[in-house]
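**Student:** Following this line is protein-v4.txt, made up of compact mmCIF, C-alpha atoms:
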```
# COMPACT_ATOMS: atom_id res chain seq x y z
CA MET A 11 65.34 -27.09 -56.68
CA THR A 12 65.77 -23.94 -58.72
CA GLN A 13 63.47 -20.96 -58.31
CA SER A 14 61.81 -21.96 -61.56
CA ASP A 15 61.18 -25.48 -60.16
CA ASP A 16 59.55 -23.90 -57.11
CA GLN A 17 57.34 -21.73 -59.29
CA ALA A 18 56.25 -24.74 -61.33
CA ALA A 19 55.53 -26.73 -58.16
CA ILE A 20 53.34 -23.94 -56.71
CA LEU A 21 51.41 -23.51 -59.95
CA ALA A 22 50.84 -27.28 -60.06
CA HIS A 23 49.39 -27.11 -56.53
CA GLU A 24 47.09 -24.28 -57.52
CA ARG A 25 45.87 -26.03 -60.66
CA ARG A 26 45.22 -29.22 -58.71
CA ALA A 27 42.98 -27.28 -56.30
CA LEU A 28 41.23 -25.39 -59.09
CA ASP A 29 40.68 -28.51 -61.20
CA ARG A 30 38.63 -29.92 -58.33
CA TRP A 31 36.93 -26.58 -57.61
CA SER A 32 35.88 -26.28 -61.25
CA GLN A 33 34.30 -29.75 -61.01
CA GLY A 34 32.17 -28.56 -58.11
CA ASP A 35 34.41 -29.89 -55.32
CA PRO A 36 35.59 -27.13 -52.95
CA LYS A 37 37.51 -29.67 -50.83
CA GLY A 38 40.42 -29.65 -53.27
CA TYR A 39 41.40 -26.30 -51.89
CA ILE A 40 41.51 -27.58 -48.32
CA ALA A 41 44.07 -30.21 -49.29
CA GLU A 42 46.47 -27.41 -50.28
CA CYS A 43 46.09 -25.35 -47.08
CA ALA A 44 48.42 -25.07 -44.07
CA SER A 45 47.08 -25.33 -40.50
CA ASP A 46 47.49 -21.56 -40.00
CA VAL A 47 45.79 -20.54 -43.27
CA THR A 48 43.83 -17.29 -43.37
CA TYR A 49 41.24 -16.51 -46.04
CA PHE A 50 39.26 -13.61 -47.55
CA ASP A 51 36.78 -13.67 -50.42
CA ASP A 52 33.87 -11.66 -51.86
CA ILE A 53 31.27 -14.39 -51.27
CA GLY A 54 30.98 -15.24 -47.57
CA ALA A 55 34.43 -14.34 -46.26
CA HIS A 56 34.35 -10.55 -45.96
CA GLN A 57 35.33 -11.33 -42.40
CA ARG A 58 38.68 -13.14 -42.46
CA VAL A 59 38.42 -16.89 -41.87
CA ASP A 60 41.27 -18.02 -39.60
CA GLY A 61 42.76 -21.51 -39.40
CA LEU A 62 42.29 -24.76 -41.26
CA ALA A 63 39.24 -25.95 -39.30
CA ALA A 64 37.35 -22.70 -39.93
CA VAL A 65 38.36 -22.63 -43.61
CA ARG A 66 37.27 -26.25 -43.96
CA GLY A 67 33.89 -25.32 -42.47
CA TYR A 68 33.56 -22.36 -44.81
CA PHE A 69 34.36 -24.40 -47.91
CA ALA A 70 31.96 -27.13 -46.77
CA SER A 71 29.23 -24.46 -46.84
CA LEU A 72 29.99 -23.94 -50.55
CA GLU A 73 29.55 -27.60 -51.51
CA GLY A 74 26.82 -27.99 -54.10
CA LYS A 75 26.96 -24.27 -54.91
CA VAL A 76 29.90 -24.25 -57.32
CA PRO A 77 28.63 -24.93 -60.85
CA THR A 78 30.84 -27.08 -63.05
CA HIS A 79 32.90 -24.83 -65.31
CA ARG A 80 36.13 -24.60 -67.21
CA TYR A 81 38.66 -21.96 -66.29
CA GLU A 82 41.70 -20.07 -67.39
CA ILE A 83 44.47 -18.76 -65.15
CA VAL A 84 45.39 -15.41 -66.69
CA ASN A 85 48.69 -13.59 -66.21
CA PRO A 86 49.98 -15.56 -63.22
CA LYS A 87 53.00 -14.14 -61.41
CA LEU A 88 55.09 -15.74 -58.69
CA GLN A 89 57.25 -13.66 -56.37
CA MET A 90 59.68 -16.03 -54.67
CA TYR A 91 61.32 -15.27 -51.29
CA GLY A 92 63.00 -18.47 -50.15
CA ASP A 93 60.35 -20.67 -48.57
CA ILE A 94 57.56 -18.21 -49.40
CA GLY A 95 55.96 -17.78 -52.83
CA VAL A 96 53.36 -15.09 -53.54
CA LEU A 97 51.12 -16.14 -56.44
CA THR A 98 48.90 -13.51 -58.05
CA MET A 99 46.65 -14.06 -61.05
CA ARG A 100 43.23 -13.62 -62.59
CA TYR A 101 40.76 -16.51 -62.63
CA GLU A 102 38.42 -16.51 -65.62
CA PRO A 103 35.68 -19.19 -65.58
CA PHE A 104 33.33 -20.17 -68.38
CA ALA A 105 30.04 -22.08 -68.32
CA PRO A 106 29.81 -25.32 -70.34
CA ASP A 107 28.14 -23.32 -73.15
CA GLY A 108 31.17 -20.99 -73.26
CA LYS A 109 29.49 -18.05 -71.55
CA PRO A 110 31.94 -16.09 -69.35
CA LEU A 111 31.17 -16.28 -65.63
CA GLN A 112 32.23 -13.90 -62.84
CA ARG A 113 35.97 -13.24 -63.09
CA TRP A 114 38.25 -13.01 -60.06
CA LYS A 115 41.58 -11.57 -59.05
CA ALA A 116 43.45 -13.71 -56.56
CA THR A 117 46.39 -13.68 -54.18
CA MET A 118 47.76 -16.90 -52.68
CA VAL A 119 50.70 -16.93 -50.28
CA TYR A 120 52.37 -20.34 -50.34
CA ARG A 121 54.85 -21.54 -47.73
CA ARG A 122 57.22 -24.50 -48.05
CA ASP A 123 56.91 -26.68 -44.97
CA GLY A 124 58.62 -30.07 -44.80
CA GLY A 125 59.28 -29.99 -48.53
CA GLU A 126 55.64 -29.37 -49.46
CA TRP A 127 54.05 -26.07 -50.52
CA ARG A 128 50.91 -25.10 -48.58
CA VAL A 129 48.65 -22.03 -48.75
CA VAL A 130 49.02 -19.81 -45.66
CA HIS A 131 46.82 -17.01 -47.02
CA ALA A 132 44.40 -16.48 -49.91
CA HIS A 133 42.39 -13.42 -50.96
CA TRP A 134 39.85 -13.64 -53.82
CA SER A 135 38.01 -10.55 -55.05
CA MET A 136 35.59 -10.08 -57.95
CA VAL A 137 36.76 -8.28 -61.08
CA LYS A 138 34.44 -5.42 -62.00
CA GLU A 139 35.48 -3.55 -65.10
CA MET B 24 64.30 -8.50 -32.70
CA THR B 25 61.60 -10.82 -31.42
CA GLN B 26 58.68 -11.84 -33.57
CA SER B 27 56.52 -9.45 -31.59
CA ASP B 28 58.99 -6.59 -32.37
CA ASP B 29 58.68 -7.47 -36.08
CA GLN B 30 54.91 -7.42 -35.87
CA ALA B 31 54.94 -4.02 -34.18
CA ALA B 32 57.38 -2.67 -36.80
CA ILE B 33 55.17 -3.82 -39.68
CA LEU B 34 52.03 -2.37 -38.12
CA ALA B 35 53.87 0.93 -37.59
CA HIS B 36 54.78 0.97 -41.31
CA GLU B 37 51.17 0.31 -42.27
CA ARG B 38 49.82 3.02 -39.98
CA ARG B 39 52.35 5.52 -41.32
CA ALA B 40 51.14 4.87 -44.88
CA LEU B 41 47.47 4.99 -43.89
CA ASP B 42 47.88 8.17 -41.82
CA ARG B 43 49.01 9.93 -45.01
CA TRP B 44 46.39 8.19 -47.17
CA SER B 45 43.63 9.30 -44.78
CA GLN B 46 44.88 12.90 -45.14
CA GLY B 47 44.43 12.65 -48.91
CA ASP B 48 48.05 11.81 -49.74
CA PRO B 49 48.40 8.50 -51.62
CA LYS B 50 52.19 8.89 -51.83
CA GLY B 51 52.64 7.66 -48.27
CA TYR B 52 51.95 4.19 -49.54
CA ILE B 53 54.68 4.40 -52.16
CA ALA B 54 57.28 5.13 -49.49
CA GLU B 55 56.53 1.70 -47.96
CA CYS B 56 56.77 -0.31 -51.19
CA ALA B 57 59.59 -2.50 -52.50
CA SER B 58 60.83 -2.21 -56.08
CA ASP B 59 59.12 -5.49 -57.04
CA VAL B 60 55.76 -4.62 -55.44
CA THR B 61 52.57 -5.97 -57.04
CA TYR B 62 49.14 -4.50 -56.37
CA PHE B 63 45.42 -5.28 -56.76
CA ASP B 64 42.44 -3.19 -55.70
CA ASP B 65 38.73 -2.73 -56.45
CA ILE B 66 39.10 0.82 -57.79
CA GLY B 67 41.40 0.93 -60.83
CA ALA B 68 43.63 -2.08 -60.25
CA HIS B 69 41.48 -5.05 -61.28
CA GLN B 70 44.43 -5.73 -63.54
CA ARG B 71 47.49 -6.32 -61.35
CA VAL B 72 49.89 -3.35 -61.24
CA ASP B 73 53.48 -4.64 -61.36
CA GLY B 74 56.56 -2.83 -60.05
CA LEU B 75 57.23 0.36 -58.12
CA ALA B 76 57.14 2.71 -61.12
CA ALA B 77 53.74 1.44 -62.25
CA VAL B 78 52.34 1.50 -58.70
CA ARG B 79 53.66 5.04 -58.27
CA GLY B 80 51.87 6.04 -61.48
CA TYR B 81 48.66 4.38 -60.33
CA PHE B 82 48.71 6.11 -56.94
CA ALA B 83 49.49 9.45 -58.62
CA SER B 84 46.22 9.00 -60.55
CA LEU B 85 44.39 8.86 -57.18
CA GLU B 86 45.79 12.17 -55.89
CA GLY B 87 43.00 14.63 -55.15
CA LYS B 88 40.45 11.80 -55.16
CA VAL B 89 40.91 10.52 -51.60
CA PRO B 90 38.67 12.49 -49.24
CA THR B 91 40.11 13.29 -45.82
CA HIS B 92 38.82 10.77 -43.30
CA ARG B 93 39.62 9.03 -40.07
CA TYR B 94 40.05 5.29 -40.01
CA GLU B 95 40.18 2.22 -37.84
CA ILE B 96 42.25 -0.89 -38.47
CA VAL B 97 40.00 -3.75 -37.38
CA ASN B 98 41.14 -7.22 -36.37
CA PRO B 99 44.69 -7.05 -37.78
CA LYS B 100 46.62 -10.32 -37.94
CA LEU B 101 50.28 -10.86 -38.75
CA GLN B 102 51.58 -14.23 -39.92
CA MET B 103 55.37 -14.15 -39.56
CA TYR B 104 57.67 -16.38 -41.63
CA GLY B 105 61.21 -15.12 -41.03
CA ASP B 106 61.77 -12.15 -43.32
CA ILE B 107 58.17 -12.25 -44.60
CA GLY B 108 55.14 -10.94 -42.71
CA VAL B 109 51.59 -11.35 -44.04
CA LEU B 110 49.33 -8.62 -42.62
CA THR B 111 45.56 -9.03 -43.00
CA MET B 112 42.94 -6.66 -41.63
CA ARG B 113 39.79 -4.66 -42.25
CA TYR B 114 40.00 -0.94 -42.97
CA GLU B 115 37.02 1.05 -41.74
CA PRO B 116 36.99 4.76 -42.71
CA PHE B 117 34.67 7.48 -41.46
CA ALA B 118 33.85 10.92 -42.88
CA PRO B 119 34.58 13.98 -40.70
CA ASP B 120 30.89 13.96 -39.67
CA GLY B 121 31.27 10.38 -38.43
CA LYS B 122 29.40 8.74 -41.31
CA PRO B 123 30.87 5.33 -42.22
CA LEU B 124 32.50 5.19 -45.66
CA GLN B 125 33.22 2.15 -47.86
CA ARG B 126 34.95 -0.54 -45.78
CA TRP B 127 37.79 -2.68 -47.12
CA LYS B 128 39.47 -5.98 -46.45
CA ALA B 129 43.19 -5.92 -47.09
CA THR B 130 46.22 -8.17 -47.49
CA MET B 131 49.76 -6.78 -47.35
CA VAL B 132 52.82 -8.98 -47.76
CA TYR B 133 55.82 -7.31 -46.15
CA ARG B 134 59.42 -8.36 -46.75
CA ARG B 135 62.44 -7.41 -44.64
CA ASP B 136 65.18 -6.12 -46.91
CA GLY B 137 68.33 -4.53 -45.48
CA GLY B 138 66.69 -4.25 -42.06
CA GLU B 139 63.65 -2.40 -43.37
CA TRP B 140 60.15 -3.80 -43.99
CA ARG B 141 58.71 -3.08 -47.43
CA VAL B 142 55.44 -4.09 -49.10
CA VAL B 143 55.97 -6.65 -51.89
CA HIS B 144 52.27 -7.26 -52.51
CA ALA B 145 48.97 -5.66 -51.51
CA HIS B 146 45.36 -6.63 -52.33
CA TRP B 147 42.45 -4.36 -51.27
CA SER B 148 38.84 -5.43 -51.84
CA MET B 149 35.57 -3.79 -50.84
CA VAL B 150 33.54 -5.26 -48.00
CA LYS B 151 29.95 -5.91 -49.05
CA GLU B 152 27.79 -7.39 -46.32
```
Please, can you express the file's structure as structure tokens?

**Tutor:**
Amino acid sequence: MTQSDDQAAILAHERRALDRWSQGDPKGYIAECASDVTYFDDIGAHQRVDGLAAVRGYFASLEGKVPTHRYEIVNPKLQMYGDIGVLTMRYEPFAPDGKPLQRWKATMVYRRDGGEWRVVHAHWSMVKE
Amino acid sequence: MTQSDDQAAILAHERRALDRWSQGDPKGYIAECASDVTYFDDIGAHQRVDGLAAVRGYFASLEGKVPTHRYEIVNPKLQMYGDIGVLTMRYEPFAPDGKPLQRWKATMVYRRDGGEWRVVHAHWSMVKE
């Protein structure tokens, strides 16, 4: 695998999670997470959520609350350090009628474990500008 | 170095930067950053700031705007993956009269390079709860 292959693989993971998220299914994100994942966001995770079981519980609490939308990943960047990839980007969602929804900035730290990339940390914060 | 030594070294770096920050000197943070650092925050970095020169310019724009305060690092956690350490924590500042100021949640990705830990990514978002 070249570094560029690794970057493509991580972005594919992220899009797979977000494709499900944007269809109202938060569980897609869980499938991409490592057992030791930690998580911050601006909704209900101002206190860090630690570990896969706790993150699963948190995302379960969001089920039914994510409206279906389409999204764009804007200006993604991957910093690669061997078996760690740090993905940063903006997430820009749109309602079915095209109206822009709340935008986000996001950090995901991916780790390669047994040949598969998994999220070990994510931090999502609202864009206000 | 044991993993616990690495964790202590990273926390010492972070405290050194924050000790200067809390005295109104944003440049302390620059001294801890790698050349390829990327940066998000909820003040003026809703667009990611890429690279040491740009981050230096951004922090220079904050000089004179950081009031002197004391701070507490709350619930820090370090996830160690070889030469990468992912530090997550809450930052709780207080005015000289003891009044709580805006609290933050923070992610710092540290990388060991030539024996020294440097920040390759940071993401600071305001706590609202």

**Student:** Calculated over only C-alpha atoms, which of the candidates B:Val60, B:Leu124, B:Ala77, B:Ala83 has the smallest distance to chain A?

**Tutor:** B:Val60

**Student:** Please check the contacts: residues of chain A at most 7 Å away from chain B, using only C-alpha atoms, listed as a PyMOL selection string.

**Tutor:** chain A and resi 56+115+135+137

**Student:** Pick from B:Ala32, B:Gly87, B:Pro119, B:Cys56: nearest to Val142 of chain B, with only C-alpha atoms counted?

**Tutor:** B:Cys56

**Student:** Would you compute the distance between atom CA of Tyr101 of chain A and atom CA of Arg26 of chain A? Give it in Å to one decimal.

**Tutor:**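 Computing the Euclidean distance for atom CA of Tyr101 of chain A and atom CA of Arg26 of chain A yields 14.0 Å.
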
**Student:** I'd like to know which of A:Ala22, A:Ile40, A:Met118, A:Ile83 is closest to Val65 of chain A, using all atoms listed in the file.

**Tutor:**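 Of A:Ala22, A:Ile40, A:Met118, A:Ile83, the one nearest Val65 of chain A is A:Ile40, counting all atoms listed in the file.
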
**Student:** Quick one: everything within 8 Å of Ser45 of chain B, counting all atoms listed in the file, minus sequence neighbours fewer than 6 positions away in the same chain. Send it as a PyMOL selection string.

**Tutor:** chain B and resi 89-94

**Student:** How many Å lie between atom CA of Val97 of chain B and atom CA of Glu139 of chain B, rounded to one decimal?

**Tutor:** 24.4 Å

**Student:** Expressed in Å to a single decimal, how great is the separation between atom CA of Asp136 of chain B and atom CA of Met90 of chain A?

**Tutor:**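 Taking atom CA of Asp136 of chain B and atom CA of Met90 of chain A, their separation equals 13.7 Å.
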
**Student:** Show me as a list in words the residues that reach within 9 Å of (49.7, 3.6, -52.6), counting all atoms listed in the file and using the file's own coordinates.

**Tutor:**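 The residues near that point, listed by chain and number, are Ala40, Trp44, Asp48, Pro49, Lys50, Gly51, Tyr52, Ile53, Ala54, Glu55, Cys56, Tyr62, Val78, Arg79, Tyr81, Phe82, Ala83 and Leu85 of chain B.
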
**Student:** Which one is closest to Tyr133 of chain B: B:Ala76, B:Ala118, B:Leu41, B:Ile33? Count only C-alpha atoms.

**Tutor:**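 Between B:Ala76, B:Ala118, B:Leu41, B:Ile33, the residue approaching Tyr133 of chain B most closely is B:Ile33.
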